[in-house]
Amino acid sequence: MAPRNLINLENVSLSYGKGAVLDNVSLGLAEGARIGIVGRNGGGKSSLVKILGGQETPNDGRVSMANGTHMGTLSQIDKADPKATVRDIVLGDQADHEWATNSKARDVLTGLFGGFGEAILAREMGPLSGGERRRVALAKLLISDLDVLLLDEPTNHLDVEAVTWLADHLKARRGLAVAVVTHDRWFLDEVSDRTWEVIDGQIEEYDGGYSAYVLAKAERMRQSSVEEQKRNMLIKKELAWLRRGAPARTSKPKFRIDAANELIENEPPPRNNVELLAFANARLGKTVYELHNATIRVGDRDLFKGLDWNVGPGDRIGIAGVNGAGKTTLLKVLTGQLELAAGKSQHLEELNPKWRVLEAIEHISTHVEIGKGKSLSASQLGERLGFGSDAQWTPVGDLSGGERRRLQLTRLLMGGPNVLILDEPTNDFDVETLAALEDLLDSFAGTLLVVSHDRYFLERVCDTFVGVMGDGSLRNLPGGLEEYLKLRKAQPDEPTAFTQDAGAPKAELTATQKRDMQKDLQRIERSIAKLDVSIKEILGEMETHSSNFEKVATLNDDLQPLIMEKEELENRWVLLSDDLG
């Protein structure tokens, strides 16, 4: 007997006035279904989840839910009373003996927070970071007794370990129907057995997770028109990597091995490492970065002690580690943005809000060499990274936060760097544009350092891996991210977003120490608020005088020290907040 549908969409259409986001869509979400939802940014993925969850009403059509269905939704914008505690949000009015005897509650609290002590449960929501708030929202849903779970970008702000735990947890919840929007392709493969692609207002359905979707897409595109040839080649390239370099993903029965082999028979490896290394040596010499017996300190905490690390020309290194263990700090030390015993920061120039997207890219350069003998114009690079011909004429001031970050990455690549450092680059990309970014990086003949929670992206673009272990050490990982996860499991005290302090147990604070630290936090918050006002005023002046580039340059000189000071204060605030627990 086929499982019954818990949610049905019948001839549903949705429009925001700029064409149909969904056009006459009919589908059902059945008991126990595991659906991965993919598609271009702005194409309607989040709108589909909102309609399934009843948060959005379609213009036409009918949405129905089976009687007695209990549903939970994780949206990209989570709201909570800033004075509410983690206990209030996650456990509600349950008594300690109620939730403490619930194995699911203990598993969720341990998996997402590293434990369920009072220091964790008593934390207020207001000071929590985006990643911490995301864990709280997830915990509330996962502890609840639900029939349907709708997740919109659940892995954002989660580190590799938390993403792995979440995948394992969902796989163990056999009766739960799950529909998930995410750009994390490893997560899609782990949790989904069916894929919905939102494209041109329609939903195209595919059996299997992301790897099977790539194969099916390649098969369909093989019969497509000449205009689709470029996209076809990207799909085939990714399929070749999946088949040759990621056998664990292709072991599922629905991944058709024979069909995959036929499609990629003449497809070369994604990168010619010998050629790239020779080119990188010519550009960079023998050593790119070198740390010897280095101690890296933030505040009064040593993140690394006695660190020796050499980064050579052509190295493609993925850096794994829990949030707060020191990955970003390590990158800042390498690039001179943070000294070994003191901090300072540098930023890309502030984007002029009056510029068009193409103008902002061309302000760096009109052409860039990508690999040996390969060149792209500013417009071509913009298109490869998700800014189509129409989007290139959008004023920068009209871009969303994610689009602005993607534009900054485009400008970074446009500068033709020989060393490229990417810190969490994937959050603002859909899966199709991620494939295009990976294709660009395949031709990058330089040194690449990547920090990312996106396991698929790390494995796709990097050749070697190191782990920031949270105990003051940096470990080489010949076994890749699997080795990192095993090493972390073996550590007795695992730092998480809620319990991090470089792996060492925290000493109990006295009441006086707590009061002093609370006062310091309040002083820092007031200072940050004042800086925000000053920064906003300068940005306003820059917009007013946008046509006077000399004036804008002078204002930018005033702006950068304020941004640096704010960042230092924010770092101090995070450390104090962590110490207070």
# chains A, B, ... in the order shown; residues from 1 in each chain; ligands from 1
$ residues_around --residues "Gly43 (chain A)" --least-positions-apart "6" --cutoff "8 Å" --atoms "only C-alpha atoms" --output "tab-separated table (two decimals) with C-alpha atoms, in the first residue's frame"
chain	number	residue	atom	x	y	z
A	21	VAL	CA	7.15	31.88	-9.35
A	198	VAL	CA	12.10	24.41	-9.14
A	199	ILE	CA	12.66	25.77	-12.65
A	200	ASP	CA	10.68	28.27	-14.74
A	201	GLY	CA	7.66	28.04	-12.46
$ residues_around --residues "Trp393 (chain A)" --least-positions-apart "2" --cutoff "8 Å" --atoms "only C-alpha atoms" --output "ChimeraX atom specification"
/A:356-358,389-391,395
$ closest_residue --among "A:Arg87, A:Arg488, A:Arg460, A:Lys566" --to "Glu118 (chain A)" --atoms "only C-alpha atoms"
A:Arg87
$ select_by_dssp --residues "region 35-180 of chain A" --states "strand (DSSP E)" --output "PyMOL selection string"
chain A and resi 35-39+60-65+71-74+148-152+177-180
$ write_last_selection --atoms "N, CA and C atoms" --output "PDB file, in the first residue's frame"
ATOM      1  N   ILE A  35      12.603  14.649   0.577  1.00  0.00           N
ATOM      2  CA  ILE A  35      12.657  15.456  -0.640  1.00  0.00           C
ATOM      3  C   ILE A  35      13.745  16.520  -0.515  1.00  0.00           C
ATOM      4  N   GLY A  36      14.658  16.564  -1.490  1.00  0.00           N
ATOM      5  CA  GLY A  36      15.611  17.662  -1.613  1.00  0.00           C
ATOM      6  C   GLY A  36      15.115  18.632  -2.666  1.00  0.00           C
ATOM      7  N   ILE A  37      15.110  19.916  -2.331  1.00  0.00           N
ATOM      8  CA  ILE A  37      14.587  20.941  -3.256  1.00  0.00           C
ATOM      9  C   ILE A  37      15.750  21.794  -3.747  1.00  0.00           C
ATOM     10  N   VAL A  38      15.953  21.838  -5.076  1.00  0.00           N
ATOM     11  CA  VAL A  38      17.046  22.600  -5.663  1.00  0.00           C
ATOM     12  C   VAL A  38      16.483  23.558  -6.707  1.00  0.00           C
ATOM     13  N   GLY A  39      17.325  24.483  -7.142  1.00  0.00           N
ATOM     14  CA  GLY A  39      16.925  25.468  -8.147  1.00  0.00           C
ATOM     15  C   GLY A  39      17.730  26.734  -7.962  1.00  0.00           C
ATOM     16  N   ASP A  60      -3.604  31.089  -6.972  1.00  0.00           N
ATOM     17  CA  ASP A  60      -4.594  30.158  -7.503  1.00  0.00           C
ATOM     18  C   ASP A  60      -4.249  28.753  -7.025  1.00  0.00           C
ATOM     19  N   GLY A  61      -5.257  27.879  -7.076  1.00  0.00           N
ATOM     20  CA  GLY A  61      -5.031  26.503  -6.705  1.00  0.00           C
ATOM     21  C   GLY A  61      -5.397  26.214  -5.261  1.00  0.00           C
ATOM     22  N   ARG A  62      -5.135  24.976  -4.852  1.00  0.00           N
ATOM     23  CA  ARG A  62      -5.580  24.515  -3.543  1.00  0.00           C
ATOM     24  C   ARG A  62      -4.458  23.777  -2.830  1.00  0.00           C
ATOM     25  N   VAL A  63      -4.291  24.068  -1.528  1.00  0.00           N
ATOM     26  CA  VAL A  63      -3.333  23.369  -0.676  1.00  0.00           C
ATOM     27  C   VAL A  63      -4.123  22.699   0.439  1.00  0.00           C
ATOM     28  N   SER A  64      -3.919  21.386   0.609  1.00  0.00           N
ATOM     29  CA  SER A  64      -4.653  20.661   1.649  1.00  0.00           C
ATOM     30  C   SER A  64      -3.691  19.810   2.469  1.00  0.00           C
ATOM     31  N   MET A  65      -4.075  19.574   3.718  1.00  0.00           N
ATOM     32  CA  MET A  65      -3.252  18.781   4.637  1.00  0.00           C
ATOM     33  C   MET A  65      -4.121  17.702   5.266  1.00  0.00           C
ATOM     34  N   MET A  71       3.135  19.548  11.832  1.00  0.00           N
ATOM     35  CA  MET A  71       4.174  20.038  10.925  1.00  0.00           C
ATOM     36  C   MET A  71       5.025  21.092  11.614  1.00  0.00           C
ATOM     37  N   GLY A  72       6.321  21.087  11.302  1.00  0.00           N
ATOM     38  CA  GLY A  72       7.230  22.118  11.793  1.00  0.00           C
ATOM     39  C   GLY A  72       8.032  22.687  10.641  1.00  0.00           C
ATOM     40  N   THR A  73       8.335  23.988  10.715  1.00  0.00           N
ATOM     41  CA  THR A  73       9.043  24.659   9.626  1.00  0.00           C
ATOM     42  C   THR A  73      10.223  25.443  10.174  1.00  0.00           C
ATOM     43  N   LEU A  74      11.379  25.256   9.545  1.00  0.00           N
ATOM     44  CA  LEU A  74      12.557  26.076   9.845  1.00  0.00           C
ATOM     45  C   LEU A  74      12.747  27.037   8.691  1.00  0.00           C
ATOM     46  N   VAL A 148       5.692  16.070   9.645  1.00  0.00           N
ATOM     47  CA  VAL A 148       6.310  16.743   8.497  1.00  0.00           C
ATOM     48  C   VAL A 148       7.297  17.774   9.017  1.00  0.00           C
ATOM     49  N   LEU A 149       8.502  17.794   8.418  1.00  0.00           N
ATOM     50  CA  LEU A 149       9.524  18.770   8.770  1.00  0.00           C
ATOM     51  C   LEU A 149       9.961  19.477   7.492  1.00  0.00           C
ATOM     52  N   LEU A 150       9.758  20.800   7.435  1.00  0.00           N
ATOM     53  CA  LEU A 150      10.137  21.610   6.282  1.00  0.00           C
ATOM     54  C   LEU A 150      11.340  22.463   6.678  1.00  0.00           C
ATOM     55  N   LEU A 151      12.449  22.301   5.974  1.00  0.00           N
ATOM     56  CA  LEU A 151      13.699  22.954   6.345  1.00  0.00           C
ATOM     57  C   LEU A 151      14.192  23.833   5.206  1.00  0.00           C
ATOM     58  N   ASP A 152      14.359  25.115   5.490  1.00  0.00           N
ATOM     59  CA  ASP A 152      14.890  26.057   4.502  1.00  0.00           C
ATOM     60  C   ASP A 152      16.304  26.430   4.925  1.00  0.00           C
ATOM     61  N   ALA A 177       8.342  12.799   7.423  1.00  0.00           N
ATOM     62  CA  ALA A 177       8.449  13.348   6.067  1.00  0.00           C
ATOM     63  C   ALA A 177       9.284  14.623   6.121  1.00  0.00           C
ATOM     64  N   VAL A 178      10.292  14.724   5.257  1.00  0.00           N
ATOM     65  CA  VAL A 178      11.214  15.855   5.275  1.00  0.00           C
ATOM     66  C   VAL A 178      11.305  16.452   3.876  1.00  0.00           C
ATOM     67  N   ALA A 179      11.156  17.755   3.785  1.00  0.00           N
ATOM     68  CA  ALA A 179      11.439  18.487   2.546  1.00  0.00           C
ATOM     69  C   ALA A 179      12.456  19.561   2.896  1.00  0.00           C
ATOM     70  N   VAL A 180      13.578  19.591   2.175  1.00  0.00           N
ATOM     71  CA  VAL A 180      14.671  20.479   2.557  1.00  0.00           C
ATOM     72  C   VAL A 180      15.178  21.276   1.362  1.00  0.00           C
TER      73      VAL A 180
END
$ residues_around --residues "Val90 (chain A)" --least-positions-apart "2" --cutoff "7 Å" --atoms "only C-alpha atoms" --output "PDB file with C-alpha atoms, in the first residue's frame"
ATOM      1  CA  VAL A  86      17.462  28.289  25.268  1.00  0.00           C
ATOM      2  CA  ARG A  87      15.427  26.221  27.754  1.00  0.00           C
ATOM      3  CA  ASP A  88      12.315  28.373  27.090  1.00  0.00           C
ATOM      4  CA  GLY A  92       9.066  25.002  26.855  1.00  0.00           C
ATOM      5  CA  VAL A 136      18.186  26.492  18.932  1.00  0.00           C
ATOM      6  CA  ALA A 139      16.572  21.703  18.383  1.00  0.00           C
ATOM      7  CA  LYS A 140      13.022  22.898  19.078  1.00  0.00           C
TER       8      LYS A 140
END
$ atom_distance --atom1 "CA of Glu362 (chain A)" --atom2 "CA of Leu381 (chain A)"
10.4 Å
$ residues_around --residues "Glu369 (chain A)" --least-positions-apart "5" --cutoff "10 Å" --atoms "only C-alpha atoms" --output "VMD selection string"
chain A and resid 374 to 377 413 to 417 443 to 445
$ atom_distance --atom1 "CA of Asp315 (chain A)" --atom2 "CA of Thr366 (chain A)"
27.6 Å
$ closest_residue --among "A:Asp558, A:Glu190, A:Asp471, A:Glu10" --to "Leu307 (chain A)" --atoms "only C-alpha atoms"
A:Asp471
$ closest_atom_pairs --of "region 399-488 of chain A" --to "region 323-333 of chain A" --cutoff "8 Å" --atoms "only C-alpha atoms" --output "JSON lines"
{"residue": "A:Ile421", "atom": "CA", "partner": "A:Leu331", "partner_atom": "CA", "distance": 7.7}
{"residue": "A:Asp423", "atom": "CA", "partner": "A:Thr328", "partner_atom": "CA", "distance": 7.0}
{"residue": "A:Val451", "atom": "CA", "partner": "A:Lys327", "partner_atom": "CA", "distance": 7.0}
{"residue": "A:Val468", "atom": "CA", "partner": "A:Ala325", "partner_atom": "CA", "distance": 6.5}
{"residue": "A:Met469", "atom": "CA", "partner": "A:Ala325", "partner_atom": "CA", "distance": 7.1}
{"residue": "A:Gly470", "atom": "CA", "partner": "A:Ala325", "partner_atom": "CA", "distance": 4.9}
$ atom_distance --atom1 "CA of Asp454 (chain A)" --atom2 "CA of Leu481 (chain A)"
11.0 Å
$ residues_around --residues "Leu176 (chain A)" --least-positions-apart "4" --cutoff "9 Å" --atoms "only C-alpha atoms" --output "MDAnalysis selection string"
chainID A and resid 31:34 146:149 170
$ residues_around --residues "Ser546 (chain A)" --least-positions-apart "4" --cutoff "7 Å" --atoms "only C-alpha atoms" --output "ChimeraX atom specification"
/A:352,354,542,552
$ residues_around --residues "Ile538 (chain A)" --least-positions-apart "5" --cutoff "9 Å" --atoms "only C-alpha atoms" --output "list in words"
Val533, Glu543, Leu555, Asn556, Asp558 and Leu559 of chain A
$ closest_residue --among "A:Val288, A:Leu166, A:Ala172, A:Ile203" --to "Val12 (chain A)" --atoms "only C-alpha atoms"
A:Ile203
$ closest_atom_pairs --of "region 309-412 of chain A" --to "region 426-431 of chain A" --cutoff "9 Å" --atoms "only C-alpha atoms" --output "JSON lines"
{"residue": "A:Leu385", "atom": "CA", "partner": "A:Phe429", "partner_atom": "CA", "distance": 8.3}
{"residue": "A:Gly386", "atom": "CA", "partner": "A:Phe429", "partner_atom": "CA", "distance": 8.0}
{"residue": "A:Gly401", "atom": "CA", "partner": "A:Asp428", "partner_atom": "CA", "distance": 8.8}
{"residue": "A:Gly402", "atom": "CA", "partner": "A:Asp428", "partner_atom": "CA", "distance": 5.1}
{"residue": "A:Glu403", "atom": "CA", "partner": "A:Asp428", "partner_atom": "CA", "distance": 6.9}
{"residue": "A:Arg405", "atom": "CA", "partner": "A:Asp428", "partner_atom": "CA", "distance": 7.3}
{"residue": "A:Arg406", "atom": "CA", "partner": "A:Asp428", "partner_atom": "CA", "distance": 6.4}
$ select_by_dssp --residues "region 27-84 of chain A" --states "alpha helix (DSSP H)" --output "PyMOL selection string"
chain A and resi 45-52
